[in-house]
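This is my_file20.txt (compact mmCIF, C-alpha atoms).
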```txt
# COMPACT_ATOMS: atom_id res chain seq x y z
CA MET A 108 0.00 0.00 0.00
CA PHE A 109 1.26 3.46 -0.95
CA ILE A 110 0.77 6.02 1.81
CA GLY A 111 1.89 9.59 2.48
CA HIS A 112 0.92 13.25 2.50
CA VAL A 113 -1.60 14.60 0.00
CA ASP A 114 -0.08 15.47 -3.41
CA ALA A 115 3.10 13.47 -2.79
CA GLY A 116 2.36 11.56 -6.02
CA LYS A 117 0.99 8.22 -4.81
CA SER A 118 -1.66 7.83 -7.53
CA THR A 119 0.79 8.87 -10.26
CA ILE A 120 3.31 6.26 -9.08
CA CYS A 121 0.65 3.54 -9.00
CA GLY A 122 -0.57 4.58 -12.43
CA ASN A 123 2.96 4.51 -13.83
CA ILE A 124 3.57 1.01 -12.46
CA ILE A 125 0.39 -0.25 -14.10
CA TYR A 126 1.16 1.61 -17.36
CA SER A 127 4.75 0.33 -17.44
CA MET A 128 3.56 -3.25 -16.93
CA GLY A 129 1.28 -2.93 -19.98
CA ILE A 130 -1.92 -3.52 -18.02
CA VAL A 131 -3.72 -0.44 -19.39
CA ASP A 132 -4.35 -0.42 -23.14
CA SER A 133 -3.36 2.51 -25.37
CA ARG A 134 -6.97 3.54 -26.05
CA THR A 135 -7.64 3.98 -22.32
CA ILE A 136 -4.41 5.93 -21.92
CA GLU A 137 -5.42 8.34 -24.69
CA LYS A 138 -8.77 8.81 -22.97
CA PHE A 139 -7.04 9.67 -19.67
CA LYS A 140 -4.69 12.12 -21.38
CA LYS A 141 -7.64 13.85 -23.05
CA GLU A 142 -9.59 14.08 -19.78
CA ALA A 143 -6.59 15.48 -17.93
CA LYS A 144 -5.99 18.10 -20.61
CA GLU A 145 -9.65 19.15 -20.56
CA LYS A 146 -9.43 19.67 -16.79
CA GLY A 147 -6.23 21.69 -17.14
CA ARG A 148 -4.18 18.97 -15.44
CA ASP A 149 -2.06 17.66 -18.32
CA SER A 150 0.46 15.89 -16.09
CA TRP A 151 -2.18 14.10 -14.01
CA TRP A 152 -3.28 11.52 -16.54
CA LEU A 153 -1.30 8.75 -14.85
CA ALA A 154 -3.18 9.37 -11.60
CA TYR A 155 -6.46 8.77 -13.46
CA VAL A 156 -5.49 5.10 -13.79
CA MET A 157 -6.16 4.81 -10.02
CA ASP A 158 -8.39 7.84 -9.34
CA SER A 159 -11.28 6.74 -11.51
CA SER A 160 -14.27 8.52 -9.96
CA ASP A 161 -15.52 11.92 -11.19
CA GLU A 162 -15.10 13.35 -7.67
CA GLU A 163 -11.44 12.33 -7.52
CA LYS A 164 -10.72 13.71 -10.99
CA ALA A 165 -12.47 16.99 -10.18
CA LYS A 166 -10.73 17.44 -6.82
CA GLY A 167 -7.38 16.16 -8.01
CA LYS A 168 -7.02 13.96 -4.93
CA THR A 169 -7.69 10.36 -3.96
CA VAL A 170 -10.85 9.84 -1.91
CA GLU A 171 -11.59 6.13 -2.07
CA MET A 172 -8.79 3.59 -1.79
CA GLY A 173 -7.68 2.60 -5.30
CA ARG A 174 -6.78 -1.01 -6.05
CA ALA A 175 -5.03 -2.76 -8.93
CA CYS A 176 -3.34 -6.12 -9.53
CA ILE A 177 -0.03 -6.78 -11.29
CA ASP A 178 2.19 -9.82 -11.75
CA THR A 179 5.99 -9.97 -11.95
CA PRO A 180 8.13 -13.10 -12.50
CA THR A 181 8.46 -13.54 -8.73
CA LYS A 182 5.25 -12.22 -7.14
CA SER A 183 1.59 -11.36 -7.65
CA TYR A 184 0.71 -7.95 -6.22
CA THR A 185 -2.40 -6.16 -5.13
CA ILE A 186 -1.55 -2.44 -5.13
CA PHE A 187 -3.48 -0.14 -2.82
CA ASP A 188 -3.44 3.62 -3.37
CA ALA A 189 -4.38 5.22 -0.03
CA PRO A 190 -5.85 8.73 0.22
CA GLY A 191 -3.40 11.26 1.61
CA HIS A 192 -5.85 13.92 2.77
CA LYS A 193 -6.52 14.05 6.51
CA ASN A 194 -10.30 13.86 5.90
CA TYR A 195 -9.93 10.35 4.48
CA VAL A 196 -7.70 8.71 7.11
CA PRO A 197 -10.32 5.96 7.74
CA ASN A 198 -9.91 4.87 4.10
CA MET A 199 -6.14 4.77 4.59
CA ILE A 200 -6.62 2.57 7.67
CA MET A 201 -8.80 0.23 5.61
CA GLY A 202 -5.94 -0.31 3.17
CA ALA A 203 -3.32 -0.76 5.89
CA THR A 204 -5.23 -3.68 7.38
CA LEU A 205 -4.99 -5.47 4.02
CA ALA A 206 -1.35 -4.71 3.19
CA ASP A 207 1.84 -6.66 3.81
CA PHE A 208 4.25 -3.87 2.83
CA GLY A 209 4.03 -0.08 2.83
CA GLY A 210 5.39 2.41 0.33
CA LEU A 211 5.82 5.76 2.09
CA VAL A 212 5.77 8.37 -0.67
CA ILE A 213 7.69 11.58 0.04
CA SER A 214 7.73 14.60 -2.25
CA ALA A 215 11.26 15.90 -2.77
CA ARG A 216 9.98 19.23 -4.11
CA ARG A 217 11.08 22.19 -2.02
CA GLY A 218 8.44 22.97 0.57
CA GLU A 219 6.30 19.88 -0.08
CA PHE A 220 8.35 17.48 2.03
CA GLU A 221 8.43 20.05 4.83
CA ALA A 222 4.65 20.62 4.61
CA GLY A 223 3.96 16.90 4.80
CA PHE A 224 6.33 16.33 7.70
CA ASP A 225 5.26 19.20 9.96
CA GLN A 226 2.73 18.75 12.76
CA ASP A 227 -0.28 19.27 10.47
CA GLY A 228 1.02 17.04 7.65
CA GLN A 229 -0.02 13.44 7.07
CA THR A 230 3.47 11.94 6.74
CA ARG A 231 3.90 11.48 10.49
CA GLU A 232 0.37 10.18 11.05
CA HIS A 233 0.58 7.69 8.17
CA ILE A 234 3.89 6.32 9.47
CA GLN A 235 2.45 5.86 12.97
CA LEU A 236 -0.73 4.24 11.67
CA ALA A 237 1.16 1.91 9.33
CA ARG A 238 3.37 0.70 12.18
CA SER A 239 0.49 0.23 14.62
CA LEU A 240 -1.58 -1.64 12.01
CA GLY A 241 1.13 -4.22 11.41
CA ILE A 242 3.06 -2.96 8.37
CA SER A 243 6.55 -3.98 9.48
CA LYS A 244 8.46 -3.27 6.24
CA LEU A 245 8.46 0.19 4.69
CA VAL A 246 9.85 1.36 1.36
CA VAL A 247 10.54 5.10 1.56
CA VAL A 248 9.85 6.34 -1.98
CA VAL A 249 11.35 9.81 -2.48
CA ASN A 250 9.31 11.07 -5.44
CA LYS A 251 9.59 14.13 -7.71
CA MET A 252 13.39 13.93 -7.84
CA ASP A 253 13.15 15.31 -11.38
CA GLU A 254 11.36 18.49 -10.23
CA ALA A 255 13.12 21.76 -11.07
CA THR A 256 13.91 22.64 -7.43
CA VAL A 257 15.58 19.24 -6.95
CA SER A 258 17.03 18.05 -10.29
CA TRP A 259 18.19 14.73 -8.79
CA LYS A 260 20.55 16.46 -6.36
CA LYS A 261 22.06 14.12 -3.76
CA GLN A 262 21.98 16.87 -1.13
CA ARG A 263 18.16 16.93 -1.16
CA TRP A 264 18.08 13.12 -0.86
CA ASP A 265 20.49 13.23 2.09
CA ASP A 266 18.51 15.99 3.82
CA ILE A 267 15.23 14.05 3.56
CA ARG A 268 16.83 10.85 4.89
CA ALA A 269 18.42 12.73 7.78
CA SER A 270 15.08 14.33 8.72
CA LEU A 271 12.94 11.21 8.39
CA THR A 272 15.16 8.52 9.89
CA PRO A 273 14.94 9.55 13.58
CA PHE A 274 11.14 9.71 13.41
CA LEU A 275 10.90 6.32 11.66
CA ARG A 276 13.11 4.76 14.31
CA GLY A 277 11.06 6.42 17.02
CA CYS A 278 7.98 4.69 15.62
CA GLY A 279 9.68 1.29 15.90
CA TYR A 280 11.19 0.78 12.44
CA THR A 281 14.78 -0.51 12.41
CA GLU A 282 17.36 -0.14 9.66
CA ASN A 283 16.48 -3.64 8.41
CA ASP A 284 12.81 -2.66 8.10
CA LEU A 285 13.47 0.34 5.83
CA PHE A 286 14.29 0.50 2.12
CA TRP A 287 14.99 3.80 0.34
CA VAL A 288 14.61 4.64 -3.34
CA PRO A 289 14.60 7.95 -5.29
CA ILE A 290 12.20 8.08 -8.25
CA SER A 291 10.19 10.23 -10.62
CA GLY A 292 6.57 9.10 -10.61
CA LEU A 293 5.82 11.25 -13.64
CA THR A 294 8.61 10.06 -15.96
CA GLY A 295 8.83 6.57 -14.44
CA GLN A 296 12.57 6.82 -13.78
CA ASN A 297 13.71 4.23 -11.21
CA ILE A 298 10.25 2.64 -10.90
CA VAL A 299 10.63 -0.27 -13.32
CA GLU A 300 13.71 0.81 -15.28
CA PRO A 301 16.82 2.29 -13.57
CA VAL A 302 17.40 6.02 -13.75
CA PRO A 303 20.12 6.74 -16.36
CA SER A 304 23.53 7.62 -14.90
CA SER A 305 23.51 10.73 -17.07
CA VAL A 306 20.51 11.93 -15.02
CA CYS A 307 21.57 10.64 -11.59
CA ASN A 308 25.17 9.52 -11.15
CA TRP A 309 25.10 8.91 -7.38
CA TYR A 310 22.36 6.28 -6.97
CA GLU A 311 23.33 2.73 -7.94
CA GLY A 312 20.73 0.82 -5.94
CA PRO A 313 17.70 -1.20 -7.11
CA THR A 314 14.54 0.20 -8.69
CA LEU A 315 11.26 0.39 -6.76
CA LEU A 316 9.92 -2.80 -8.34
CA ASP A 317 13.22 -4.63 -7.72
CA ILE A 318 12.96 -3.75 -4.02
CA LEU A 319 9.38 -5.03 -3.83
CA ASP A 320 10.27 -8.23 -5.67
CA LYS A 321 13.05 -8.99 -3.17
CA MET A 322 11.05 -8.16 -0.04
CA PRO A 323 10.78 -11.25 2.18
CA ILE A 324 7.25 -12.44 2.88
CA GLU A 325 6.56 -13.53 6.43
CA PRO A 326 5.74 -17.25 6.70
CA ARG A 327 2.04 -18.02 7.02
CA ASN A 328 0.33 -21.13 8.34
CA ALA A 329 -2.25 -22.51 5.88
CA THR A 330 -3.26 -25.36 8.20
CA ALA A 331 -3.89 -23.29 11.35
CA PRO A 332 -7.43 -22.36 12.45
CA LEU A 333 -8.92 -19.85 10.03
CA ARG A 334 -8.55 -16.17 10.97
CA ILE A 335 -9.95 -13.39 8.76
CA PRO A 336 -10.17 -9.91 10.32
CA VAL A 337 -13.37 -8.48 8.83
CA LEU A 338 -12.70 -5.19 7.09
CA ASP A 339 -16.25 -4.58 5.89
CA ARG A 340 -19.56 -6.41 5.68
CA MET A 341 -22.72 -5.97 3.61
CA LYS A 342 -25.75 -7.76 4.96
CA ASP A 343 -28.83 -8.77 3.00
CA SER A 344 -31.53 -10.75 4.80
CA ASN A 345 -29.97 -14.05 5.91
CA ARG A 346 -26.78 -13.57 3.88
CA SER A 347 -23.70 -11.35 4.02
CA VAL A 348 -20.74 -10.41 1.86
CA ILE A 349 -17.60 -10.18 3.98
CA PHE A 350 -14.32 -8.48 3.00
CA GLY A 351 -10.96 -9.19 4.61
CA LYS A 352 -7.47 -10.65 4.38
CA ILE A 353 -6.74 -14.20 5.48
CA GLU A 354 -4.10 -14.07 8.20
CA GLN A 355 -3.92 -17.82 8.79
CA GLY A 356 -5.70 -21.00 7.73
CA THR A 357 -7.50 -21.85 4.47
CA VAL A 358 -11.13 -21.14 3.56
CA ARG A 359 -13.03 -23.40 1.16
CA LEU A 360 -16.44 -23.43 -0.45
CA GLY A 361 -18.94 -25.00 1.91
CA ASP A 362 -16.89 -24.36 5.06
CA ARG A 363 -18.82 -23.64 8.22
CA LEU A 364 -17.42 -20.64 10.07
CA SER A 365 -18.13 -18.58 13.16
CA LEU A 366 -18.44 -14.82 12.81
CA GLN A 367 -17.23 -12.97 15.91
CA PRO A 368 -17.82 -11.31 18.32
CA ASN A 369 -21.43 -12.54 18.30
CA ASN A 370 -20.47 -16.15 17.53
CA LEU A 371 -22.78 -16.30 14.49
CA PRO A 372 -22.54 -19.63 12.63
CA CYS A 373 -22.41 -19.26 8.85
CA GLN A 374 -21.54 -21.23 5.72
CA VAL A 375 -19.37 -20.12 2.77
CA LEU A 376 -21.40 -19.95 -0.46
CA GLY A 377 -18.85 -18.12 -2.61
CA ILE A 378 -15.21 -16.97 -2.55
CA GLN A 379 -13.90 -14.14 -4.74
CA ASN A 380 -10.20 -13.30 -4.90
CA ASP A 381 -8.55 -9.90 -5.39
CA LYS A 382 -8.87 -10.24 -9.17
CA GLN A 383 -12.66 -10.60 -8.86
CA GLN A 384 -12.44 -14.28 -9.81
CA GLN A 385 -14.62 -16.94 -8.23
CA VAL A 386 -12.38 -19.59 -6.65
CA MET A 387 -12.82 -22.83 -4.74
CA TYR A 388 -10.49 -21.89 -1.87
CA ALA A 389 -8.19 -19.12 -0.59
CA ARG A 390 -5.02 -19.20 1.49
CA PRO A 391 -3.18 -16.96 3.97
CA GLY A 392 -2.30 -13.55 2.55
CA ASP A 393 -5.19 -13.55 0.09
CA ASN A 394 -7.61 -10.61 0.08
CA VAL A 395 -11.03 -12.17 -0.27
CA GLN A 396 -14.70 -11.43 -0.56
CA LEU A 397 -16.80 -14.18 1.03
CA LYS A 398 -20.49 -14.71 0.43
CA VAL A 399 -21.96 -16.44 3.46
CA SER A 400 -25.36 -17.56 4.69
CA TYR A 401 -26.25 -17.64 8.36
CA LEU A 402 -27.19 -20.93 9.96
CA GLU A 403 -29.55 -21.77 12.75
CA GLU A 404 -27.56 -22.36 15.92
CA GLU A 405 -27.30 -26.04 16.69
```

Would you give me this structure, written as structure tokens?
Amino acid sequence: MFIGHVDAGKSTICGNIIYSMGIVDSRTIEKFKKEAKEKGRDSWWLAYVMDSSDEEKAKGKTVEMGRACIDTPTKSYTIFDAPGHKNYVPNMIMGATLADFGGLVISARRGEFEAGFDQDGQTREHIQLARSLGISKLVVVVNKMDEATVSWKKQRWDDIRASLTPFLRGCGYTENDLFWVPISGLTGQNIVEPVPSSVCNWYEGPTLLDILDKMPIEPRNATAPLRIPVLDRMKDSNRSVIFGKIEQGTVRLGDRLSLQPNNLPCQVLGIQNDKQQQVMYARPGDNVQLKVSYLEEE
């Protein structure tokens, strides 16, 4: 899940990842470019890949939590684009409960990093929430390195790291929990392909996607008793649709479960994975949508 202060570039980064992976077709891209130009936001077309609602496009900010799926040779990802505005913190919390890793997006532009990191900014709050909600690994994505006030200068990178590191450690993150990468969300430099040495001659580390691909996944127990923290639930008569991430155990069609804290017995009628596919079972780490019917207590 990508988190951070409003306007740090989270939606643009997510859109560029999806665009670079070839998931969005050229016709859709042309449509986004046209819409962005009509709204006087020519450079925002990448954000429209994630910010799909009319409200988000009009406001120029993420309101609902965006979601997309990509595959690399080593992993299958569900990408969450969390709102950065303080009015939508509950939506950010919703995403954090589903995520394994966090991408803390920082704007390197002069004044924007400082605005996000001061007492009224969302950078501090998002870091604290991510840690308290169980996101133990954090990729610090320093975005907008190509911006005119920065121009890929190492001094700006060093200043941001020096300012952020004490606070991250104070929240409980150790050096082994943190991964740092400078990027340009708009041009895509250092997201999938490395930034050319002619542009940035001081960074020789991995790209953003390389870091994610090499992140270790905590072991999960597929045979333990089933545990699914319920993120949301829609009830209709004697049935419900339940959303959540499987923390341990395996759920199968036909399974009889107990919904807490009221100890309601129910049976699984349908399982949908994060790609909106109907499946026969789901394992730990999967984000699922379960259709259940309630049973008479025996």

Give me the stretch 193-284 of chain A side of the contact with stretch 353-365 of chain A, cut-off 12 Å, one line per residue showing its nearest atom pair and distance in Å at one decimal, counting all atoms listed in the file, sorted by chain and residue number, as CSV.
```
residue,atom,partner,partner_atom,distance
A:Thr204,CA,A:Glu354,CA,10.5
A:Leu205,CA,A:Ile353,CA,9.0
A:Ala206,CA,A:Glu354,CA,11.0
A:Asp207,CA,A:Glu354,CA,10.5
A:Gly241,CA,A:Glu354,CA,11.6
```

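As for atom CA of A:Pro303 and atom CA of A:Cys121, they are spaced 21.1 Å apart.
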
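The gap separating atom CA of A:Arg174 from atom CA of A:Phe139 is 17.3 Å, in Å to one decimal.
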
Where is the centre and how long are the edges: axis-aligned box on stretch 318-327 of chain A, 5 Å on each side, Å to one decimal, as AutoDock Vina command-line options:
```
--center_x 7.5 --center_y -10.9 --center_z 0.7 --size_x 21.0 --size_y 24.3 --size_z 22.7
```

Residues near A:Leu275, cut-off 10 Å, all atoms listed in the file, skip fewer than 3 positions along chain, as a list in words: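 Those residues are Arg231, Ile234, Gln235, Arg238, Leu245, Ser270, Leu271, Thr272, Cys278, Gly279, Tyr280, Thr281, Glu282, Asp284 and Leu285 of chain A.
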
Point-to-point distance in Å for atom CA of A:His112 and atom CA of A:Ser214: 8.4 Å

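Residue nearest A:Lys261 within the list A:Val386, A:Val246, A:Ala215, A:Cys176: A:Ala215 [criterion: smallest interatomic distance, only C-alpha atoms].
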
Nearest candidate to A:Val113 (options A:Asp178, A:Glu137, A:Asp266, A:Glu219; using all atoms listed in the file): A:Glu219

Dump as CSV the rows for residues of stretch 228-306 of chain A within 12 Å of stretch 324-345 of chain A: closest atom pair and distance in Å with one decimal, all atoms listed in the file counted, ordered by chain and rising residue number.
```
residue,atom,partner,partner_atom,distance
A:Gly241,CA,A:Glu325,CA,11.9
A:Ile242,CA,A:Glu325,CA,11.3
A:Ser243,CA,A:Glu325,CA,10.0
A:Lys244,CA,A:Ile324,CA,9.8
```

Best match for closeness to A:Ile186 among A:Gln396, A:Ser118, A:Thr230, A:Asn198, counting all atoms listed in the file: A:Ser118

From A:Lys352, A:Val299, A:Ile267, A:Val288, residue lying nearest A:Glu221 [all atoms listed in the file]: A:Ile267

Residue among A:Val348, A:Val249, A:Ala389, A:Val212 lying closest to A:Leu376, counting only C-alpha atoms: A:Val348

Closest of A:Asp188, A:Asn297, A:Trp309, A:Ser239 to A:Trp264 - atom-to-atom distances counting only C-alpha atoms: A:Trp309

Incomplete stretch 193-211 of chain A filled out to N, CA and C atoms as a PDB file, in the frame of the given file:
```pdb
ATOM      1  N   LYS A 193      -6.181  14.393   5.120  1.00  0.00           N
ATOM      2  CA  LYS A 193      -6.520  14.050   6.510  1.00  0.00           C
ATOM      3  C   LYS A 193      -7.996  13.713   6.691  1.00  0.00           C
ATOM      4  N   ASN A 194      -8.870  14.183   5.784  1.00  0.00           N
ATOM      5  CA  ASN A 194     -10.300  13.860   5.900  1.00  0.00           C
ATOM      6  C   ASN A 194     -10.610  12.412   5.574  1.00  0.00           C
ATOM      7  N   TYR A 195      -9.655  11.720   4.937  1.00  0.00           N
ATOM      8  CA  TYR A 195      -9.930  10.350   4.480  1.00  0.00           C
ATOM      9  C   TYR A 195      -9.020   9.329   5.158  1.00  0.00           C
ATOM     10  N   VAL A 196      -8.553   9.641   6.361  1.00  0.00           N
ATOM     11  CA  VAL A 196      -7.700   8.710   7.110  1.00  0.00           C
ATOM     12  C   VAL A 196      -8.377   7.350   7.319  1.00  0.00           C
ATOM     13  N   PRO A 197      -9.701   7.280   7.592  1.00  0.00           N
ATOM     14  CA  PRO A 197     -10.320   5.960   7.740  1.00  0.00           C
ATOM     15  C   PRO A 197     -10.136   5.062   6.512  1.00  0.00           C
ATOM     16  N   ASN A 198     -10.133   5.662   5.310  1.00  0.00           N
ATOM     17  CA  ASN A 198      -9.910   4.870   4.100  1.00  0.00           C
ATOM     18  C   ASN A 198      -8.467   4.379   4.025  1.00  0.00           C
ATOM     19  N   MET A 199      -7.538   5.200   4.533  1.00  0.00           N
ATOM     20  CA  MET A 199      -6.140   4.770   4.590  1.00  0.00           C
ATOM     21  C   MET A 199      -5.994   3.589   5.552  1.00  0.00           C
ATOM     22  N   ILE A 200      -6.680   3.659   6.683  1.00  0.00           N
ATOM     23  CA  ILE A 200      -6.620   2.570   7.670  1.00  0.00           C
ATOM     24  C   ILE A 200      -7.164   1.277   7.072  1.00  0.00           C
ATOM     25  N   MET A 201      -8.220   1.398   6.276  1.00  0.00           N
ATOM     26  CA  MET A 201      -8.800   0.230   5.610  1.00  0.00           C
ATOM     27  C   MET A 201      -7.748  -0.486   4.758  1.00  0.00           C
ATOM     28  N   GLY A 202      -6.973   0.289   4.016  1.00  0.00           N
ATOM     29  CA  GLY A 202      -5.940  -0.310   3.170  1.00  0.00           C
ATOM     30  C   GLY A 202      -4.818  -0.919   3.980  1.00  0.00           C
ATOM     31  N   ALA A 203      -4.434  -0.269   5.073  1.00  0.00           N
ATOM     32  CA  ALA A 203      -3.320  -0.760   5.890  1.00  0.00           C
ATOM     33  C   ALA A 203      -3.623  -2.126   6.486  1.00  0.00           C
ATOM     34  N   THR A 204      -4.884  -2.384   6.807  1.00  0.00           N
ATOM     35  CA  THR A 204      -5.230  -3.680   7.380  1.00  0.00           C
ATOM     36  C   THR A 204      -5.110  -4.807   6.355  1.00  0.00           C
ATOM     37  N   LEU A 205      -5.089  -4.461   5.072  1.00  0.00           N
ATOM     38  CA  LEU A 205      -4.990  -5.470   4.020  1.00  0.00           C
ATOM     39  C   LEU A 205      -3.573  -5.660   3.503  1.00  0.00           C
ATOM     40  N   ALA A 206      -2.666  -4.741   3.840  1.00  0.00           N
ATOM     41  CA  ALA A 206      -1.350  -4.710   3.190  1.00  0.00           C
ATOM     42  C   ALA A 206      -0.291  -5.476   3.962  1.00  0.00           C
ATOM     43  N   ASP A 207       0.666  -6.033   3.218  1.00  0.00           N
ATOM     44  CA  ASP A 207       1.840  -6.660   3.810  1.00  0.00           C
ATOM     45  C   ASP A 207       2.993  -5.672   3.912  1.00  0.00           C
ATOM     46  N   PHE A 208       3.163  -4.841   2.879  1.00  0.00           N
ATOM     47  CA  PHE A 208       4.250  -3.870   2.830  1.00  0.00           C
ATOM     48  C   PHE A 208       3.686  -2.472   2.609  1.00  0.00           C
ATOM     49  N   GLY A 209       4.433  -1.466   3.046  1.00  0.00           N
ATOM     50  CA  GLY A 209       4.030  -0.080   2.830  1.00  0.00           C
ATOM     51  C   GLY A 209       5.040   0.644   1.969  1.00  0.00           C
ATOM     52  N   GLY A 210       4.550   1.520   1.100  1.00  0.00           N
ATOM     53  CA  GLY A 210       5.390   2.410   0.330  1.00  0.00           C
ATOM     54  C   GLY A 210       5.109   3.838   0.786  1.00  0.00           C
ATOM     55  N   LEU A 211       6.004   4.405   1.587  1.00  0.00           N
ATOM     56  CA  LEU A 211       5.820   5.760   2.090  1.00  0.00           C
ATOM     57  C   LEU A 211       6.325   6.741   1.040  1.00  0.00           C
TER      58      LEU A 211
END
```
